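Next up, my_file_31.cif (mmCIF, C-alpha atoms):
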data_upload
#
loop_
_atom_site.label_atom_id
_atom_site.label_comp_id
_atom_site.auth_asym_id
_atom_site.auth_seq_id
_atom_site.Cartn_x
_atom_site.Cartn_y
_atom_site.Cartn_z
CA MET A 1 125.84 109.58 83.45
CA ASN A 2 127.56 112.84 82.62
CA ARG A 3 131.31 112.68 82.42
CA CYS A 4 132.26 116.07 83.92
CA ALA A 5 131.52 117.57 87.33
CA ALA A 6 131.71 121.10 88.73
CA GLY A 7 135.33 122.05 89.29
CA ASP A 8 136.75 119.89 86.48
CA GLN A 9 139.25 121.49 84.12
CA VAL A 10 138.26 121.18 80.48
CA ARG A 11 139.46 122.36 77.10
CA VAL A 12 137.08 123.37 74.33
CA LEU A 13 137.81 121.51 71.11
CA ALA A 14 137.99 123.08 67.67
CA LEU A 15 135.98 120.49 65.79
CA GLY A 16 135.88 122.47 62.55
CA LYS A 17 132.26 121.48 61.97
CA GLN A 18 130.25 123.25 59.31
CA GLY A 19 126.67 124.41 59.65
CA HIS A 20 124.68 125.50 62.69
CA VAL A 21 127.28 125.24 65.42
CA ARG A 22 126.64 126.89 68.80
CA ILE A 23 130.25 127.00 70.00
CA PRO A 24 131.65 130.41 69.05
CA HIS A 25 135.20 130.70 67.73
CA TYR A 26 136.42 132.91 70.58
CA ILE A 27 136.06 130.04 73.06
CA ARG A 28 137.58 127.20 71.01
CA GLN A 29 140.91 125.78 72.22
CA GLN A 30 140.46 127.61 75.54
CA THR A 31 140.81 125.97 78.94
CA GLY A 32 138.18 126.57 81.59
CA GLN A 33 136.40 125.09 84.56
CA ILE A 34 132.99 123.41 84.73
CA VAL A 35 130.64 125.45 86.92
CA GLY A 36 127.40 123.57 86.33
CA TYR A 37 125.64 120.73 84.58
CA CYS A 38 122.57 121.78 82.59
CA GLY A 39 121.10 118.40 81.65
CA THR A 40 120.78 116.83 78.21
CA TYR A 41 119.55 118.60 75.11
CA LEU A 42 119.12 117.67 71.47
CA ASN A 43 122.19 118.63 69.50
CA PRO A 44 121.55 121.92 67.63
CA GLU A 45 123.92 120.70 64.91
CA ASP A 46 121.36 117.94 64.19
CA LEU A 47 118.24 120.01 64.84
CA ALA A 48 119.31 122.60 62.26
CA LEU A 49 119.14 119.87 59.63
CA GLY A 50 115.71 118.76 60.74
CA ASN A 51 117.02 115.71 62.57
CA THR A 52 114.99 115.58 65.78
CA ALA A 53 115.69 111.89 66.41
CA GLY A 54 119.33 112.33 67.46
CA THR A 55 120.73 111.47 70.88
CA ALA A 56 120.43 114.15 73.55
CA VAL A 57 123.85 115.43 74.62
CA ASP A 58 125.13 116.66 77.97
CA LEU A 59 125.42 120.41 78.31
CA TYR A 60 127.67 122.22 80.80
CA ARG A 61 128.27 125.78 81.88
CA VAL A 62 131.98 126.47 81.72
CA ALA A 63 133.84 129.47 83.18
CA PHE A 64 136.92 131.05 81.62
CA LYS A 65 139.27 133.74 82.86
CA GLN A 66 138.74 136.92 80.87
CA THR A 67 142.46 137.71 81.15
CA GLN A 68 143.14 134.45 79.34
CA LEU A 69 140.52 134.91 76.61
CA TRP A 70 141.52 138.48 75.76
CA PRO A 71 145.17 138.96 76.70
CA TYR A 72 145.31 142.37 75.00
CA GLU A 73 142.34 143.82 76.89
CA ASP A 74 142.45 145.23 80.39
CA HIS A 75 140.40 142.77 82.49
CA PRO A 76 140.68 142.50 86.28
CA ARG A 77 142.08 139.08 87.26
CA GLN A 78 138.86 137.77 88.79
CA ASP A 79 136.52 138.52 85.84
CA ARG A 80 134.97 135.53 84.11
CA LEU A 81 133.15 134.56 80.96
CA ILE A 82 130.63 131.76 81.42
CA ILE A 83 129.28 129.90 78.41
CA GLU A 84 127.42 126.66 77.63
CA ILE A 85 129.38 123.88 75.94
CA TYR A 86 128.05 120.52 74.71
CA ASP A 87 129.92 117.44 75.86
CA HIS A 88 131.30 116.50 72.44
CA TRP A 89 133.10 119.86 72.28
CA LEU A 90 134.97 119.25 75.55
CA ALA A 91 138.16 117.41 76.42
CA PRO A 92 139.29 116.82 80.00
CA THR A 93 142.60 118.43 80.93
CA GLU A 94 144.99 118.16 83.83
CA ASP A 95 146.21 121.66 83.21
CA ALA A 96 145.14 123.27 86.48
CA HIS A 97 147.62 126.04 85.75
CA HIS A 98 145.13 127.91 83.57
CA ALA A 99 142.15 127.35 85.82
CA PRO A 100 139.94 130.37 86.51
CA MET B 1 135.34 150.22 62.15
CA PRO B 2 137.33 149.72 58.92
CA HIS B 3 135.12 148.31 56.19
CA ASP B 4 137.53 146.16 54.23
CA HIS B 5 135.87 142.76 54.51
CA PRO B 6 133.65 141.25 51.81
CA HIS B 7 129.91 141.49 52.46
CA GLU B 8 128.60 138.14 53.51
CA GLU B 9 125.19 136.88 52.55
CA HIS B 10 123.58 137.32 55.97
CA GLU B 11 124.36 141.02 56.00
CA ALA B 12 121.73 141.54 53.33
CA LEU B 13 119.15 140.85 56.03
CA VAL B 14 120.00 143.99 57.95
CA ILE B 15 120.01 146.29 54.92
CA GLU B 16 116.68 147.97 54.26
CA ASP B 17 115.31 148.44 50.77
CA GLU B 18 113.87 151.76 49.55
CA ALA B 19 110.46 151.06 51.05
CA GLY B 20 112.02 150.47 54.47
CA ASN B 21 111.44 146.73 54.32
CA THR B 22 114.11 144.17 55.05
CA GLU B 23 114.51 141.27 52.66
CA ALA B 24 113.27 138.84 55.32
CA GLN B 25 110.15 140.96 55.82
CA ILE B 26 109.35 140.97 52.08
CA ILE B 27 109.62 137.17 51.99
CA ALA B 28 107.49 136.81 55.16
CA ASP B 29 104.83 139.15 53.72
CA ALA B 30 104.68 137.21 50.46
CA LEU B 31 104.39 133.92 52.34
CA GLN B 32 101.65 135.31 54.58
CA ASP B 33 99.68 136.58 51.56
CA LEU B 34 99.89 133.18 49.96
CA LEU B 35 98.84 131.29 53.11
CA ILE B 36 95.88 133.61 53.64
CA ARG B 37 94.76 133.27 49.99
CA LYS B 38 94.92 129.49 50.28
CA GLY B 39 92.83 129.64 53.44
CA LEU B 40 95.53 128.09 55.64
CA LEU B 41 95.87 131.16 57.86
CA THR B 42 93.82 134.22 58.74
CA ALA B 43 95.08 137.76 59.29
CA LYS B 44 93.46 137.61 62.73
CA GLU B 45 95.57 134.60 63.69
CA VAL B 46 98.71 136.50 62.68
CA THR B 47 97.68 139.52 64.75
CA SER B 48 96.94 137.43 67.82
CA ALA B 49 100.28 135.60 67.46
CA ILE B 50 102.03 138.99 67.42
CA ALA B 51 100.04 140.10 70.48
CA ARG B 52 101.07 136.91 72.27
CA LEU B 53 104.75 137.53 71.44
CA GLU B 54 104.53 141.11 72.64
CA SER B 55 102.55 140.61 75.83
CA PRO B 56 105.42 139.56 78.13
CA GLY B 57 107.54 142.45 79.33
CA ILE B 58 109.58 143.90 82.12
CA HIS B 59 106.51 143.93 84.43
CA LEU B 60 106.83 140.13 84.68
CA GLY B 61 110.58 140.26 85.39
CA ALA B 62 110.00 142.98 87.99
CA LYS B 63 107.39 140.81 89.72
CA VAL B 64 109.92 137.96 90.00
CA VAL B 65 112.62 140.25 91.39
CA ALA B 66 110.36 141.96 93.96
CA LYS B 67 109.13 138.55 95.14
CA ALA B 68 112.72 137.31 95.54
CA TRP B 69 113.66 140.43 97.51
CA THR B 70 110.77 140.06 99.93
CA ASP B 71 110.56 136.27 100.30
CA PRO B 72 113.87 134.51 101.12
CA ALA B 73 112.41 131.02 100.56
CA TYR B 74 111.22 132.09 97.11
CA LYS B 75 114.62 133.57 96.34
CA LYS B 76 116.27 130.26 97.14
CA ARG B 77 113.85 128.40 94.86
CA LEU B 78 114.47 130.98 92.13
CA LEU B 79 118.24 130.51 92.28
CA ASP B 80 117.86 126.71 92.38
CA ASP B 81 115.39 126.39 89.51
CA GLY B 82 114.53 129.65 87.78
CA ARG B 83 111.94 128.19 85.45
CA ALA B 84 109.88 126.52 88.18
CA ALA B 85 110.04 129.59 90.44
CA VAL B 86 108.96 131.97 87.67
CA GLN B 87 106.08 129.63 86.80
CA GLU B 88 104.96 129.75 90.44
CA LEU B 89 103.94 133.35 89.74
CA ASP B 90 101.66 132.22 86.90
CA ILE B 91 104.10 133.38 84.25
CA PRO B 92 104.09 130.83 81.41
CA VAL B 93 107.76 130.10 80.62
CA THR B 94 108.52 128.68 77.19
CA GLU B 95 112.30 128.45 77.63
CA ALA B 96 113.81 125.05 78.53
CA ARG B 97 115.61 126.42 81.59
CA ILE B 98 116.00 129.79 83.27
CA ILE B 99 119.19 130.44 85.21
CA VAL B 100 119.00 133.33 87.65
CA VAL B 101 122.35 134.88 88.52
CA GLU B 102 122.53 137.00 91.66
CA ASN B 103 124.35 140.30 91.95
CA THR B 104 126.06 140.85 95.29
CA GLU B 105 128.26 143.55 96.77
CA THR B 106 131.28 141.80 95.27
CA ARG B 107 129.84 140.34 92.06
CA HIS B 108 128.03 141.70 89.01
CA ASN B 109 126.48 139.70 86.17
CA LEU B 110 125.96 140.66 82.55
CA ILE B 111 123.93 138.71 79.98
CA THR B 112 124.62 138.52 76.28
CA CYS B 113 124.16 136.21 73.30
CA THR B 114 127.17 136.44 71.02
CA LEU B 115 125.74 134.14 68.33
CA CYS B 116 122.29 135.67 67.84
CA SER B 117 119.67 137.15 70.16
CA CYS B 118 118.81 134.53 72.82
CA TYR B 119 116.87 136.24 75.59
CA PRO B 120 114.27 135.14 78.17
CA ARG B 121 111.46 136.34 75.88
CA SER B 122 108.58 134.65 77.67
CA ILE B 123 109.47 136.68 80.78
CA LEU B 124 110.93 139.92 79.42
CA GLY B 125 109.37 140.14 75.97
CA GLN B 126 111.45 141.04 72.94
CA PRO B 127 115.05 142.17 73.49
CA PRO B 128 116.05 145.81 72.93
CA SER B 129 117.62 146.53 69.54
CA TRP B 130 121.07 147.15 71.03
CA TYR B 131 121.06 143.67 72.58
CA ILE B 132 120.88 142.07 69.12
CA SER B 133 123.38 144.50 67.54
CA LYS B 134 126.68 143.04 66.39
CA ALA B 135 128.51 145.69 68.41
CA TYR B 136 126.96 144.64 71.74
CA ARG B 137 127.32 140.94 70.98
CA ALA B 138 131.02 141.28 70.22
CA ARG B 139 131.97 143.89 72.81
CA SER B 140 129.97 142.48 75.75
CA VAL B 141 132.41 139.57 75.95
CA ARG B 142 135.59 141.27 74.83
CA GLU B 143 135.39 144.59 76.68
CA PRO B 144 132.33 144.34 78.93
CA ARG B 145 133.48 146.98 81.40
CA ARG B 146 133.81 149.55 78.64
CA VAL B 147 130.31 148.65 77.43
CA LEU B 148 128.95 149.04 80.98
CA SER B 149 130.56 152.46 81.32
CA GLU B 150 128.80 153.52 78.11
CA PHE B 151 125.55 152.55 79.85
CA GLY B 152 126.58 154.78 82.75
CA LEU B 153 127.82 151.99 85.00
CA ASP B 154 131.42 152.32 86.15
CA LEU B 155 131.93 149.00 87.84
CA PRO B 156 134.67 149.13 90.51
CA ARG B 157 137.59 146.88 89.56
CA ASP B 158 137.32 144.92 92.80
CA VAL B 159 133.78 143.83 91.90
CA GLN B 160 133.95 140.57 89.95
CA LEU B 161 132.21 140.72 86.59
CA ASP B 162 130.72 137.47 85.25
CA VAL B 163 129.57 137.70 81.62
CA HIS B 164 127.11 134.97 80.62
CA ASP B 165 126.97 134.08 76.94
CA SER B 166 123.55 132.46 76.29
CA ASN B 167 124.89 130.57 73.30
CA ALA B 168 122.91 127.34 73.73
CA ASP B 169 119.85 126.16 75.69
CA MET B 170 119.88 128.19 78.92
CA ARG B 171 118.31 131.63 79.27
CA TYR B 172 119.46 134.03 81.97
CA LEU B 173 118.05 136.67 84.29
CA VAL B 174 120.07 138.86 86.63
CA LEU B 175 118.74 139.24 90.16
CA PRO B 176 119.81 142.77 91.18
CA GLU B 177 120.69 143.73 94.75
CA PRO B 178 117.70 145.13 96.64
CA PRO B 179 117.56 148.85 97.49
CA ALA B 180 118.78 149.88 100.95
CA ASP B 181 115.26 150.88 102.06
CA LEU B 182 113.77 147.56 100.93
CA HIS B 183 111.58 147.06 103.99
CA ALA B 184 110.15 150.56 103.84
CA LEU B 185 108.74 149.98 100.37
CA ARG B 186 105.57 148.26 99.19
CA VAL B 187 105.87 145.44 96.65
CA ALA B 188 104.31 147.61 93.91
CA ASP B 189 106.94 150.30 94.59
CA LEU B 190 109.71 147.70 94.45
CA GLU B 191 108.45 146.40 91.12
CA ALA B 192 108.49 149.93 89.72
CA LEU B 193 112.19 150.27 90.56
CA VAL B 194 113.24 147.29 88.44
CA SER B 195 114.13 147.99 84.82
CA ARG B 196 114.90 145.74 81.89
CA ASP B 197 118.51 146.96 82.03
CA HIS B 198 118.84 145.63 85.60
CA LEU B 199 117.77 142.17 84.46
CA ILE B 200 120.29 142.14 81.60
CA GLY B 201 122.98 143.59 83.85
CA VAL B 202 123.79 146.83 82.02
CA ALA B 203 122.46 148.63 85.10
CA ARG B 204 123.35 147.71 88.69
CA SER B 205 122.03 149.77 91.52
CA VAL B 206 118.28 149.95 92.15
CA LEU B 207 117.46 153.19 93.88
#
Rewrite the structure from the file as structure tokens, please.
Amino acid sequence: MNRCAAGDQVRVLALGKQGHVRIPHYIRQQTGQIVGYCGTYLNPEDLALGNTAGTAVDLYRVAFKQTQLWPYEDHPRQDRLIIEIYDHWLAPTEDAHHAP
Amino acid sequence: MPHDHPHEEHEALVIEDEAGNTEAQIIADALQDLLIRKGLLTAKEVTSAIARLESPGIHLGAKVVAKAWTDPAYKKRLLDDGRAAVQELDIPVTEARIIVVENTETRHNLITCTLCSCYPRSILGQPPSWYISKAYRARSVREPRRVLSEFGLDLPRDVQLDVHDSNADMRYLVLPEPPADLHALRVADLEALVSRDHLIGVARSVL
């Protein structure tokens, strides 16, 4: 059972992992909102090392406010950035203040 | 851009040698020679693999879009499950999932892959060179409206822009808005109106 649902507020962790990591730096430590559940996928951090026997992990699409990601750029308030984040990179947050 | 950072190893891959070959190409050629000499591979197999990679193209994407414009039930299936709906048209999809994002009067979608060059290749073929450039990958998330204006699209500020970073397992296609004279056009004419740029989102209106 996946732990997040559409509408949940989440924060992207900065796990500091080395190697083939699919969570770009610009999105780490940012707070966003789940917009969709994508299913489970093998962890690319394992696959890159040839480990195809790992546990499949939940993947979500998460939306972030562009004004929050790039405070020095001129983005209209409603513009969003939507990106896929694996479950182990997410932490739930109550901080609805920064919700998109 | 100021050039004051140290060259990292991966940058060597985009620097051509005197013969116009990239380092990766030289290694691939040497490996191919070896495999052919050992009888593990034939040149013909390599050529047919390249043909297979290059056979998908915008004509397949255009077929999907024209079908969605003219068949509301299909459009709903396409937005619900892009992969299954594309496969309905006998297009073999190799990506795990296809997410179709719909442009409307008040929303525009732009696709990018900031980490590499993820792209719905089994539907659209190989991505254009600008799509895999570091400039597009960085700027499409940071200043997407400026990038769009360089493509000739000045998106009104009251139209919401959603940028989709295909960083992981999903692959994306933009469903553009249909032309105003949709019902006056034949399906073949509709397909001819759809460009690759519409499906990535660097173009908006289909006229």
request  = Identify all chain A residues at most 12 Å from chain B by counting all atoms listed in the file; ligands do not count. Present them as an MDAnalysis selection string.
outcome  = chainID A and resid 20:27 35:45 57:86 100
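Candidate residues B:Ala188, B:Ala73, B:Val86, B:Val147 were compared for distance to B:Pro120, and the nearest is B:Val86, using all atoms listed in the file.
Shortest atom-to-atom contact with B:Tyr131 among B:Leu190, B:Val202, B:Leu31, B:Val65: B:Val202, counting only C-alpha atoms.
When atom CA of B:Val187 is paired with atom CA of B:Ala62, their separation reads 9.9 Å.
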**Prompt:** If the PyMOL selection byres ((chain B and resi 64) around 12) is run on the structure shown, which residues does it catch, given as a PyMOL selection string?
**Reply:** chain B and resi 57-63+65-71+74-75+77-79+82-91+100+123-124+173-176+187-188+190-191+194+199
Got time to write the residues from that selection, C-alpha atoms, as a PDB file, keeping the file's coordinate frame?
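Contents of result33.pdb, freshly written:
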ATOM      1  CA  GLY B  57     107.540 142.450  79.330  1.00  0.00           C
ATOM      2  CA  ILE B  58     109.580 143.900  82.120  1.00  0.00           C
ATOM      3  CA  HIS B  59     106.510 143.930  84.430  1.00  0.00           C
ATOM      4  CA  LEU B  60     106.830 140.130  84.680  1.00  0.00           C
ATOM      5  CA  GLY B  61     110.580 140.260  85.390  1.00  0.00           C
ATOM      6  CA  ALA B  62     110.000 142.980  87.990  1.00  0.00           C
ATOM      7  CA  LYS B  63     107.390 140.810  89.720  1.00  0.00           C
ATOM      8  CA  VAL B  65     112.620 140.250  91.390  1.00  0.00           C
ATOM      9  CA  ALA B  66     110.360 141.960  93.960  1.00  0.00           C
ATOM     10  CA  LYS B  67     109.130 138.550  95.140  1.00  0.00           C
ATOM     11  CA  ALA B  68     112.720 137.310  95.540  1.00  0.00           C
ATOM     12  CA  TRP B  69     113.660 140.430  97.510  1.00  0.00           C
ATOM     13  CA  THR B  70     110.770 140.060  99.930  1.00  0.00           C
ATOM     14  CA  ASP B  71     110.560 136.270 100.300  1.00  0.00           C
ATOM     15  CA  TYR B  74     111.220 132.090  97.110  1.00  0.00           C
ATOM     16  CA  LYS B  75     114.620 133.570  96.340  1.00  0.00           C
ATOM     17  CA  ARG B  77     113.850 128.400  94.860  1.00  0.00           C
ATOM     18  CA  LEU B  78     114.470 130.980  92.130  1.00  0.00           C
ATOM     19  CA  LEU B  79     118.240 130.510  92.280  1.00  0.00           C
ATOM     20  CA  GLY B  82     114.530 129.650  87.780  1.00  0.00           C
ATOM     21  CA  ARG B  83     111.940 128.190  85.450  1.00  0.00           C
ATOM     22  CA  ALA B  84     109.880 126.520  88.180  1.00  0.00           C
ATOM     23  CA  ALA B  85     110.040 129.590  90.440  1.00  0.00           C
ATOM     24  CA  VAL B  86     108.960 131.970  87.670  1.00  0.00           C
ATOM     25  CA  GLN B  87     106.080 129.630  86.800  1.00  0.00           C
ATOM     26  CA  GLU B  88     104.960 129.750  90.440  1.00  0.00           C
ATOM     27  CA  LEU B  89     103.940 133.350  89.740  1.00  0.00           C
ATOM     28  CA  ASP B  90     101.660 132.220  86.900  1.00  0.00           C
ATOM     29  CA  ILE B  91     104.100 133.380  84.250  1.00  0.00           C
ATOM     30  CA  VAL B 100     119.000 133.330  87.650  1.00  0.00           C
ATOM     31  CA  ILE B 123     109.470 136.680  80.780  1.00  0.00           C
ATOM     32  CA  LEU B 124     110.930 139.920  79.420  1.00  0.00           C
ATOM     33  CA  LEU B 173     118.050 136.670  84.290  1.00  0.00           C
ATOM     34  CA  VAL B 174     120.070 138.860  86.630  1.00  0.00           C
ATOM     35  CA  LEU B 175     118.740 139.240  90.160  1.00  0.00           C
ATOM     36  CA  PRO B 176     119.810 142.770  91.180  1.00  0.00           C
ATOM     37  CA  VAL B 187     105.870 145.440  96.650  1.00  0.00           C
ATOM     38  CA  ALA B 188     104.310 147.610  93.910  1.00  0.00           C
ATOM     39  CA  LEU B 190     109.710 147.700  94.450  1.00  0.00           C
ATOM     40  CA  GLU B 191     108.450 146.400  91.120  1.00  0.00           C
ATOM     41  CA  VAL B 194     113.240 147.290  88.440  1.00  0.00           C
ATOM     42  CA  LEU B 199     117.770 142.170  84.460  1.00  0.00           C
TER      43      LEU B 199
END
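From atom CA of B:Ile98 back to atom CA of B:His183, the distance works out to 27.3 Å.
Using all atoms listed in the file, the shortest contact distance between B:Leu182 and any of B:Asp29, B:Leu34, B:Leu207, B:Asn103 is found at B:Leu207.
Evaluating the PyMOL selection byres ((chain A and resi 8-17) around 6) against the shown model yields A:Ala5, A:Ala6, A:Gly7, A:Gln18, A:Arg28, A:Gln29, A:Gln30, A:Thr31, A:Gly32, A:Gln33, A:Ile34, A:Trp89, A:Leu90, A:Ala91, A:Pro92, A:Thr93.
When atom CA of B:Ile27 is paired with atom CA of B:Ala43, their separation reads 16.3 Å.
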- [ ] Report as a PyMOL selection string the full result of the PyMOL selection byres ((chain B and resi 177) around 8) when it is applied to this structure.
- [x] chain B and resi 102-105+175-176+178-179+204-206
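Closest to B:Cys118 among B:Arg186, B:Ile200, B:Asp80, B:Arg52 is B:Ile200, based on all atoms listed in the file.
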